[in-house]
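Shown next: model_17.txt, given as compact mmCIF, C-alpha atoms.
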# COMPACT_ATOMS: atom_id res chain seq x y z
CA MET A 1 27.15 -39.66 83.91
CA LYS A 2 25.59 -43.10 84.54
CA ALA A 3 21.97 -43.33 85.65
CA LYS A 4 21.54 -44.91 89.07
CA MET A 5 18.71 -46.72 90.81
CA LYS A 6 17.93 -48.06 94.26
CA ILE A 7 16.88 -51.74 94.50
CA ARG A 8 15.38 -53.94 97.19
CA VAL A 9 15.89 -57.74 97.41
CA GLU A 10 13.92 -59.89 99.87
CA GLY A 11 14.27 -63.61 100.73
CA ALA A 12 16.36 -66.22 102.55
CA ASP A 13 19.47 -66.67 100.33
CA LEU A 14 20.74 -63.06 100.13
CA SER A 15 24.44 -64.12 100.20
CA ALA A 16 24.00 -66.12 97.00
CA PHE A 17 22.50 -63.05 95.31
CA LEU A 18 25.41 -60.82 96.35
CA SER A 19 27.89 -63.43 95.03
CA ALA A 20 26.03 -63.69 91.71
CA ALA A 21 26.02 -59.92 91.36
CA ALA A 22 29.76 -59.69 92.03
CA ASN A 23 30.57 -62.54 89.62
CA GLY A 24 28.49 -60.82 86.94
CA GLY A 25 30.48 -57.58 87.28
CA ASN A 26 27.56 -55.66 88.81
CA VAL A 27 28.69 -53.06 91.33
CA LEU A 28 26.41 -52.58 94.34
CA CYS A 29 27.00 -49.68 96.72
CA ARG A 30 25.34 -48.29 99.84
CA ILE A 31 24.22 -51.79 100.78
CA GLU A 32 21.97 -51.94 103.86
CA ARG A 33 20.62 -55.16 105.36
CA LYS A 34 17.64 -55.59 107.68
CA GLY A 35 16.73 -59.19 108.41
CA ASN A 36 15.83 -60.97 105.16
CA MET A 37 15.97 -57.75 103.10
CA ILE A 38 18.76 -55.69 101.59
CA THR A 39 18.71 -52.34 99.75
CA ALA A 40 21.50 -51.13 97.48
CA VAL A 41 22.31 -48.66 94.72
CA CYS A 42 23.44 -49.84 91.28
CA ASP A 43 23.64 -48.76 87.62
CA GLU A 44 20.34 -48.90 85.74
CA LYS A 45 21.97 -50.93 82.95
CA ASP A 46 22.49 -53.82 85.40
CA GLU A 47 18.79 -54.15 86.22
CA LYS A 48 18.06 -57.13 83.92
CA HIS A 49 21.05 -59.19 85.13
CA LEU A 50 20.26 -58.51 88.78
CA ARG A 51 16.60 -59.50 88.28
CA ARG A 52 17.69 -62.85 86.76
CA ALA A 53 20.19 -63.45 89.57
CA ALA A 54 17.48 -62.77 92.19
CA ALA A 55 15.07 -65.14 90.40
CA ARG A 56 17.66 -67.93 90.33
CA CYS A 57 18.18 -67.50 94.10
CA GLY A 58 14.41 -67.53 94.77
CA LEU A 59 14.37 -63.89 95.90
CA LEU A 60 11.92 -61.00 95.37
CA PHE A 61 13.48 -58.13 93.40
CA SER A 62 12.05 -54.58 93.17
CA VAL A 63 13.20 -51.07 92.20
CA GLU A 64 12.57 -48.41 94.82
CA SER A 65 13.68 -45.32 92.85
CA LYS A 66 15.66 -44.12 89.85
CA THR A 67 17.81 -41.05 89.34
CA ASP A 68 17.91 -39.98 85.71
CA MET A 69 20.26 -37.62 83.96
CA LYS A 70 17.75 -34.75 83.93
CA SER A 71 17.19 -34.81 87.67
CA ARG A 72 20.93 -34.96 88.27
CA ALA A 73 21.40 -32.06 85.89
CA ARG A 74 18.78 -30.07 87.79
CA ALA A 75 20.55 -30.84 91.05
CA ILE A 76 23.86 -29.70 89.59
CA ILE A 77 22.26 -26.50 88.29
CA SER A 78 20.69 -25.73 91.68
CA HIS A 79 24.03 -26.24 93.40
CA ALA A 80 25.69 -24.14 90.72
CA GLY A 81 23.34 -21.27 91.62
CA ILE A 82 24.40 -21.44 95.28
CA ILE A 83 28.05 -21.66 94.29
CA ALA A 84 27.65 -18.69 91.96
CA ALA A 85 26.06 -16.64 94.75
CA VAL A 86 28.94 -17.50 97.10
CA VAL A 87 31.44 -16.56 94.40
CA VAL A 88 29.65 -13.22 93.85
CA ILE A 89 29.68 -12.43 97.58
CA VAL A 90 33.38 -13.34 97.97
CA ALA A 91 34.28 -11.36 94.85
CA SER A 92 32.25 -8.42 96.15
CA LEU A 93 34.15 -8.48 99.45
CA ILE A 94 37.41 -8.25 97.54
CA VAL A 95 36.19 -5.65 95.06
CA SER A 96 34.72 -3.47 97.83
CA ARG A 97 38.24 -2.66 99.02
CA PHE A 98 39.01 -0.92 95.75
CA PHE A 99 35.68 0.34 94.35
CA VAL A 100 32.70 2.48 95.34
CA PHE A 101 29.31 1.07 94.35
CA SER A 102 27.11 4.14 94.57
CA VAL A 103 26.96 7.92 94.95
CA SER A 104 24.86 9.50 97.71
CA VAL A 105 23.98 13.19 98.09
CA THR A 106 22.99 14.56 101.50
CA GLY A 107 21.71 17.96 102.58
CA ALA A 108 19.92 18.71 99.31
CA SER A 109 16.39 18.49 97.95
CA PRO A 110 15.52 15.45 95.75
CA ALA A 111 15.63 17.61 92.62
CA LEU A 112 19.05 19.07 93.46
CA SER A 113 20.36 15.61 94.44
CA SER A 114 19.37 14.25 91.01
CA GLU A 115 21.08 17.21 89.33
CA ILE A 116 24.32 16.62 91.27
CA ILE A 117 24.35 12.89 90.51
CA ALA A 118 23.86 13.70 86.81
CA LEU A 119 26.78 16.17 86.94
CA LEU A 120 29.07 13.54 88.47
CA LYS A 121 27.88 10.88 86.03
CA ALA A 122 28.81 13.15 83.12
CA GLU A 123 32.34 13.25 84.59
CA GLY A 124 32.47 9.44 84.80
CA ILE A 125 31.85 9.32 88.54
CA GLU A 126 29.01 6.90 89.29
CA GLY A 127 28.39 3.42 90.73
CA LEU A 128 31.30 0.93 90.56
CA THR A 129 34.12 3.46 90.27
CA LEU A 130 37.72 2.80 91.29
CA LYS A 131 38.42 4.54 94.59
CA SER A 132 41.94 5.51 93.56
CA GLY A 133 40.49 7.29 90.53
CA ILE A 134 38.25 9.61 92.58
CA ASP A 135 39.71 13.05 93.36
CA LEU A 136 37.54 14.26 96.24
CA GLN A 137 38.59 17.91 95.80
CA ASN A 138 37.67 17.70 92.12
CA VAL A 139 34.30 16.20 93.04
CA GLU A 140 33.62 19.16 95.35
CA LYS A 141 34.66 21.62 92.61
CA ILE A 142 32.40 19.91 90.02
CA VAL A 143 29.40 20.17 92.36
CA GLU A 144 30.04 23.76 93.45
CA ASN A 145 30.71 25.05 89.93
CA GLY A 146 28.10 22.95 88.17
CA SER A 147 25.06 24.03 90.15
CA GLY A 148 24.13 27.56 91.10
CA ASP A 149 22.01 26.22 93.97
CA VAL A 150 25.01 24.87 95.94
CA ALA A 151 26.83 27.09 98.45
CA PHE A 152 29.55 24.54 99.19
CA ALA A 153 30.15 20.78 98.92
CA GLU A 154 32.11 18.24 100.96
CA ALA A 155 33.00 14.85 99.44
CA TYR A 156 34.23 11.74 101.25
CA ILE A 157 34.19 7.95 100.86
CA ASP A 158 32.21 5.92 103.39
CA GLY A 159 32.93 2.22 102.87
CA VAL A 160 31.70 1.47 99.35
CA LYS A 161 29.79 4.73 98.94
CA LEU A 162 30.86 8.15 97.69
CA VAL A 163 29.04 10.71 99.83
CA VAL A 164 28.63 14.33 98.74
CA ASN A 165 27.31 16.57 101.51
CA VAL A 166 26.10 19.95 100.24
CA ARG A 167 24.56 23.12 101.55
CA GLU A 168 22.10 24.89 99.31
CA GLN A 169 22.30 28.59 98.55
CA LEU A 170 20.14 30.76 100.77
CA PRO A 171 17.28 32.40 98.88
CA GLU A 172 17.66 35.99 97.81
CA PRO A 173 16.12 38.44 100.30
CA ILE A 174 12.64 39.55 99.33
CA ALA A 175 12.45 43.20 98.42
CA GLU A 176 10.47 45.40 100.78
CA GLU A 177 6.79 45.41 99.84
CA GLU A 178 5.63 48.53 98.07
CA LYS A 179 3.82 50.81 100.47
CA GLY A 180 0.60 51.43 98.50
CA LYS A 181 -3.07 50.75 99.02
CA LEU A 182 -4.25 47.77 101.07
CA TYR A 183 -6.45 45.35 99.14
CA ALA A 184 -8.81 42.58 100.25
CA SER A 185 -7.31 39.09 99.94
CA SER A 186 -10.71 37.34 99.69
CA ASP A 187 -14.47 37.85 99.52
CA ALA A 188 -15.75 38.70 103.00
CA ILE A 189 -18.04 40.68 105.27
CA VAL A 190 -15.87 43.15 107.21
CA THR A 191 -15.96 42.64 110.98
CA ARG A 192 -13.13 44.90 112.26
CA VAL A 193 -10.88 47.66 110.92
CA GLU A 194 -7.75 48.48 112.92
CA ILE A 195 -6.03 51.29 111.02
CA SER A 196 -2.58 52.72 111.75
CA GLY A 197 -1.85 54.53 108.50
CA GLY A 198 -3.78 55.81 105.52
CA THR A 199 -7.55 56.20 105.28
CA ALA A 200 -10.02 53.34 105.75
CA VAL A 201 -12.68 53.14 103.05
CA VAL A 202 -14.61 50.21 104.60
CA LYS A 203 -16.27 49.64 107.98
CA ALA A 204 -17.72 46.72 109.91
CA GLY A 205 -20.66 45.20 108.06
CA ASP A 206 -19.47 46.13 104.56
CA THR A 207 -19.27 43.40 101.94
CA VAL A 208 -16.05 43.32 99.95
CA ARG A 209 -14.77 41.30 97.04
CA LYS A 210 -11.25 40.03 96.60
CA GLY A 211 -9.13 42.90 95.25
CA ASP A 212 -11.29 45.72 96.64
CA VAL A 213 -9.47 48.60 98.37
CA LEU A 214 -9.68 48.45 102.17
CA ILE A 215 -7.33 51.29 103.15
CA GLU A 216 -6.30 54.13 100.83
CA ASP A 217 -2.68 55.33 100.66
CA TYR A 218 -3.31 58.89 101.90
CA ILE A 219 -4.59 60.82 104.90
CA VAL A 220 -6.99 63.75 104.83
CA VAL A 221 -5.92 67.02 106.47
CA GLY A 222 -8.82 69.32 107.24
CA ASP A 223 -12.52 68.83 106.63
CA PRO A 224 -13.11 66.26 103.87
CA LEU A 225 -16.16 68.33 102.79
CA ASP A 226 -14.05 71.46 102.43
CA PRO A 227 -12.90 71.87 98.83
CA ASP A 228 -9.60 73.14 100.14
CA HIS A 229 -8.83 70.04 102.22
CA LYS A 230 -5.53 68.34 101.54
CA GLU A 231 -4.65 64.71 100.93
CA ILE A 232 -1.16 63.73 101.98
CA GLU A 233 0.31 60.55 100.47
CA THR A 234 1.24 57.92 103.05
CA ALA A 235 1.45 54.19 103.42
CA ALA A 236 -1.76 52.23 103.99
CA LYS A 237 -1.22 50.28 107.21
CA GLY A 238 -3.45 48.30 109.52
CA ASP A 239 -5.40 45.07 110.02
CA VAL A 240 -8.79 44.40 108.49
CA TYR A 241 -10.77 41.33 109.58
CA GLY A 242 -13.75 39.76 107.90
CA ARG A 243 -16.10 36.78 107.92
CA VAL A 244 -15.07 34.31 105.24
CA TRP A 245 -16.72 31.07 104.12
CA TYR A 246 -14.82 27.95 103.06
CA THR A 247 -16.89 25.29 101.28
CA GLU A 248 -16.44 21.87 99.74
CA ARG A 249 -18.95 19.91 97.66
CA LEU A 250 -19.16 16.11 97.74
CA LEU A 251 -20.97 13.94 95.18
CA ILE A 252 -21.31 10.39 96.57
CA PRO A 253 -23.03 7.63 94.52
CA THR A 254 -25.61 5.41 96.26
CA SER A 255 -23.63 2.35 95.12
CA ARG A 256 -19.99 2.13 94.19
CA GLU A 257 -17.35 -0.31 93.00
CA VAL A 258 -14.85 -1.37 95.67
CA THR A 259 -11.70 -3.46 95.50
CA GLU A 260 -11.09 -6.21 98.04
CA ARG A 261 -8.42 -8.87 98.50
CA THR A 262 -9.25 -12.50 97.74
CA GLY A 263 -6.77 -13.95 100.23
CA GLU A 264 -4.34 -15.20 97.58
CA SER A 265 -0.86 -13.68 97.65
CA TYR A 266 2.61 -14.05 96.13
CA CYS A 267 5.98 -12.82 97.38
CA SER A 268 9.35 -12.46 95.66
CA THR A 269 12.62 -10.91 96.85
CA ALA A 270 15.40 -9.10 94.98
CA LEU A 271 18.99 -8.81 96.27
CA TYR A 272 21.00 -5.60 95.75
CA LEU A 273 24.62 -4.81 96.48
CA GLY A 274 24.64 -1.04 96.81
CA ASP A 275 22.76 0.13 93.72
CA ARG A 276 23.63 -3.02 91.75
CA LEU A 277 20.97 -5.70 91.27
CA LEU A 278 22.44 -9.16 91.94
CA ILE A 279 19.32 -11.36 91.99
CA PRO A 280 16.11 -9.97 90.46
CA ALA A 281 12.65 -10.57 91.89
CA ARG A 282 10.17 -12.64 89.90
CA GLU A 283 6.67 -11.43 89.03
CA ASN A 284 5.04 -14.65 87.83
CA HIS A 285 2.13 -14.36 90.25
CA GLY A 286 -0.49 -14.78 87.55
CA PHE A 287 -2.92 -12.30 89.11
CA LYS A 288 -4.98 -10.20 86.69
CA GLU A 289 -5.80 -7.63 89.37
CA TYR A 290 -3.66 -7.10 92.43
CA GLU A 291 -2.24 -4.74 95.03
CA ARG A 292 1.51 -4.56 95.52
CA THR A 293 3.52 -3.65 98.61
CA VAL A 294 7.29 -3.22 98.84
CA GLU A 295 9.40 -3.91 101.93
CA THR A 296 13.08 -2.96 102.06
CA LYS A 297 15.50 -4.52 104.53
CA ARG A 298 19.15 -3.57 104.77
CA ILE A 299 21.65 -6.18 105.97
CA ASN A 300 24.25 -4.69 108.29
CA GLY A 301 27.70 -5.88 107.38
CA ALA A 302 30.87 -5.08 105.48
CA LEU A 303 28.90 -4.71 102.24
CA PRO A 304 25.66 -2.78 101.72
CA PHE A 305 23.36 -5.69 100.87
CA THR A 306 19.66 -4.85 100.55
CA LEU A 307 16.69 -7.20 100.31
CA VAL A 308 13.62 -5.79 98.54
CA THR A 309 10.53 -7.97 98.97
CA TYR A 310 7.58 -7.46 96.65
CA SER A 311 4.23 -8.79 97.91
CA TYR A 312 1.32 -9.18 95.49
CA TYR A 313 -2.24 -9.58 96.77
CA GLU A 314 -4.91 -10.75 94.35
CA THR A 315 -7.95 -8.46 94.31
CA ARG A 316 -11.42 -8.43 92.84
CA LYS A 317 -14.02 -5.75 92.33
CA GLN A 318 -17.34 -5.79 94.16
CA THR A 319 -20.39 -3.52 94.22
CA ALA A 320 -21.05 -1.96 97.63
CA VAL A 321 -24.13 -0.02 98.74
CA THR A 322 -23.34 3.36 100.28
CA ASP A 323 -24.52 3.50 103.90
CA GLU A 324 -24.50 6.20 106.55
CA ALA A 325 -21.21 4.97 108.02
CA TYR A 326 -19.46 5.44 104.67
CA ILE A 327 -21.00 8.88 104.19
CA GLU A 328 -19.88 9.96 107.66
CA SER A 329 -16.33 8.78 107.02
CA GLU A 330 -16.21 10.75 103.74
CA VAL A 331 -17.64 13.84 105.45
CA TYR A 332 -15.12 13.57 108.30
CA ALA A 333 -12.20 13.29 105.84
CA SER A 334 -13.51 16.23 103.79
CA PHE A 335 -13.95 18.42 106.88
CA ALA A 336 -10.35 17.59 107.83
CA ARG A 337 -9.08 18.61 104.38
CA LEU A 338 -11.17 21.78 104.46
CA TYR A 339 -9.87 22.69 107.92
CA ALA A 340 -6.29 22.22 106.72
CA SER A 341 -6.94 24.76 103.96
CA LEU A 342 -8.03 27.53 106.36
CA ASP A 343 -5.93 30.68 106.59
CA SER A 344 -3.42 30.63 109.45
CA SER A 345 -5.13 33.68 111.01
CA ALA A 346 -8.62 32.14 110.84
CA THR A 347 -10.80 31.64 113.93
CA VAL A 348 -13.63 29.19 113.32
CA LEU A 349 -17.03 30.67 114.08
CA THR A 350 -19.15 27.70 113.00
CA SER A 351 -19.20 24.65 110.72
CA TYR A 352 -22.13 22.77 109.20
CA LYS A 353 -23.19 20.63 106.27
CA SER A 354 -26.20 20.25 103.99
CA GLN A 355 -27.17 16.91 102.45
CA LYS A 356 -29.77 15.78 99.95
CA LYS A 357 -30.32 12.78 97.69
CA VAL A 358 -30.81 13.29 93.96
CA ASP A 359 -31.37 10.25 91.69
CA ASN A 360 -28.44 7.93 92.41
CA TYR A 361 -26.28 10.42 94.30
CA TYR A 362 -25.94 12.17 97.63
CA ILE A 363 -25.03 15.85 97.28
CA ILE A 364 -23.26 17.10 100.40
CA ILE A 365 -21.93 20.64 100.93
CA LEU A 366 -19.60 21.39 103.83
CA TYR A 367 -19.10 24.86 105.30
CA TYR A 368 -16.62 26.55 107.62
CA GLU A 369 -17.45 30.12 108.64
CA VAL A 370 -14.40 31.89 110.05
CA GLU A 371 -13.10 35.31 110.98
CA GLN A 372 -9.70 36.03 109.50
CA LEU A 373 -7.40 38.76 108.30
CA ILE A 374 -8.42 39.89 104.85
CA GLY A 375 -5.88 42.72 104.73
CA CYS A 376 -2.77 43.33 106.79
CA ARG A 377 0.26 45.58 106.65
CA GLU A 378 2.31 46.29 109.76
CA ALA A 379 3.08 49.85 110.80
Translate the structure described by the file into structure tokens.
Amino acid sequence: MKAKMKIRVEGADLSAFLSAAANGGNVLCRIERKGNMITAVCDEKDEKHLRRAAARCGLLFSVESKTDMKSRARAIISHAGIIAAVVVIVASLIVSRFFVFSVSVTGASPALSSEIIALLKAEGIEGLTLKSGIDLQNVEKIVENGSGDVAFAEAYIDGVKLVVNVREQLPEPIAEEEKGKLYASSDAIVTRVEISGGTAVVKAGDTVRKGDVLIEDYIVVGDPLDPDHKEIETAAKGDVYGRVWYTERLLIPTSREVTERTGESYCSTALYLGDRLLIPARENHGFKEYERTVETKRINGALPFTLVTYSYYETRKQTAVTDEAYIESEVYASFARLYASLDSSATVLTSYKSQKKVDNYYIIILYYEVEQLIGCREA
């Protein structure tokens, strides 16, 4: 491929220059004339002859730009990339009529879905599989027989995706709880005892530890002080309430290292067709420390194209002094976590915190005092 250049010739006798160029076998193309100036494109090898011709005609000759082989090669390569992408898309449209690109499992937990996909993969059923080679009834049989957690499976093809919809086995019924003694589920101070079976061995105000007996599995007939009294075995039933304390301890330094963004960022996008990666994302951001976010966008169309954009934000570490606002935000978040851990039967009586500073730390203890069931068995 010949190297080209763009020239500019200025002066009065432009016609003589064009004649000299033609007589010398120099080909000029894309000639444009404005007043006493012309621009044209020619081969670089003709530059010396054209300069001499312009000098003989008393004209000013200059080169505006050159296009070398490397730049042309780069242009061809860039166009080749676009052409290749178009070819891939067209080929994908054709192939999508005959192949499935991925397997999807619905109605199951992530763990069970992974197990089912592995079962199908072992049978040669995975992404990019010929549709005519997929026996849907066989797929259902593989899933139902291969996993003891599946009650039944339904397989069908949706566009370029093999979908397996399953229903998990119901859990085995829990055996009836043994009707024995009733034990305390946590440390507490007993507040109420509502007994409907057995014999209570605690009363309001008693302190109990987790595992202590609250209601015995018998009833007393006659005077308990009479040596001849009888104890008849029965189920311990009732509700026992107690005051329980939930606590959480925080240790917050007076200064801490925080990460903040510098304002520099880098984005790159990957293109997927189903589960197949067509164009990978690049990660040449050059950041030593960074935060990354991922944004997924599905393109609605005949084929399941997906764009996954990775954004990288440069970060740096700074030292921050702990102030009251930060402490309050940590306390608020900790109280929220502590509240979420309360027993479902709990009624909050009070909440409070204690705080003190020791050396380079704040020691903070959070408390919830509640009344809750510490023993329960329905009659």
Quick one: which segment 131-237 of chain A residues come within 12 Å of segment 270-283 of chain A, and what is the nearest atom pair for each with the distance in Å to one decimal, counting only C-alpha atoms, rows ordered by chain and ascending number, as a Markdown table?
| residue | atom | partner | partner_atom | distance |
| --- | --- | --- | --- | --- |
| A:Gly159 | CA | A:Gly274 | CA | 10.8 |
| A:Val160 | CA | A:Gly274 | CA | 7.9 |
| A:Lys161 | CA | A:Gly274 | CA | 8.0 |
| A:Leu162 | CA | A:Gly274 | CA | 11.1 |
Name the residues within 9 Å of (9.0, -58.7, 99.2), counting all atoms listed in the file in the file's coordinates, and put them as a ChimeraX atom specification. /A:8-11,37,59-62
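With all atoms listed in the file as the basis for measurement, A:Thr199 is the residue among A:Thr199, A:Thr207, A:Thr39, A:Ser329 that approaches Val221 of chain A most closely.
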So which residues touch Tyr367 of chain A within 12 Å, counting only C-alpha atoms, skipping near sequence neighbours fewer than 4 positions away, as number ranges by chain? A: 244-250, 331, 334-339, 342, 348-355
Compute the distance from (41.4, 11.5, 99.9) to each atom, counting only C-alpha atoms, keep the residues with any atom at most 8 Å away, and return them as a JSON list (two decimals) with C-alpha atoms, keeping the file's coordinate frame; use the coordinates of the file.
[["chain", "number", "residue", "atom", "x", "y", "z"],
["A", 135, "ASP", "CA", 39.71, 13.05, 93.36],
["A", 136, "LEU", "CA", 37.54, 14.26, 96.24],
["A", 156, "TYR", "CA", 34.23, 11.74, 101.25]]
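Minimum atom-to-atom distances from A:Glu64, A:Glu378, A:Ala118, A:Leu130 to Ile142 of chain A were compared using all atoms listed in the file, and the lowest value belongs to A:Ala118.
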Have a look at atom CA of Glu126 of chain A and atom CA of Ala155 of chain A and let me know their distance in Å, one decimal. 13.5 Å
Quick one, how far is atom CA of Thr319 of chain A from atom CA of Ser255 of chain A? 6.8 Å
Would you pick out the contacts of Lys357 of chain A at 10 Å or less, using only C-alpha atoms, so that residues sharing its chain but fewer than 4 positions from it are not included, and give the list as a ChimeraX atom specification? /A:251-254,361-364
Of the residues A:Phe287, A:Gly180, A:Val190, A:Pro110, which is the one nearest to Ala235 of chain A, using all atoms listed in the file? A:Gly180
Please measure the separation of atom CA of Ala151 of chain A and atom CA of Glu123 of chain A, giving the value in Å to one decimal.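 According to the coordinates, atom CA of Ala151 of chain A and atom CA of Glu123 of chain A are separated by 20.3 Å.
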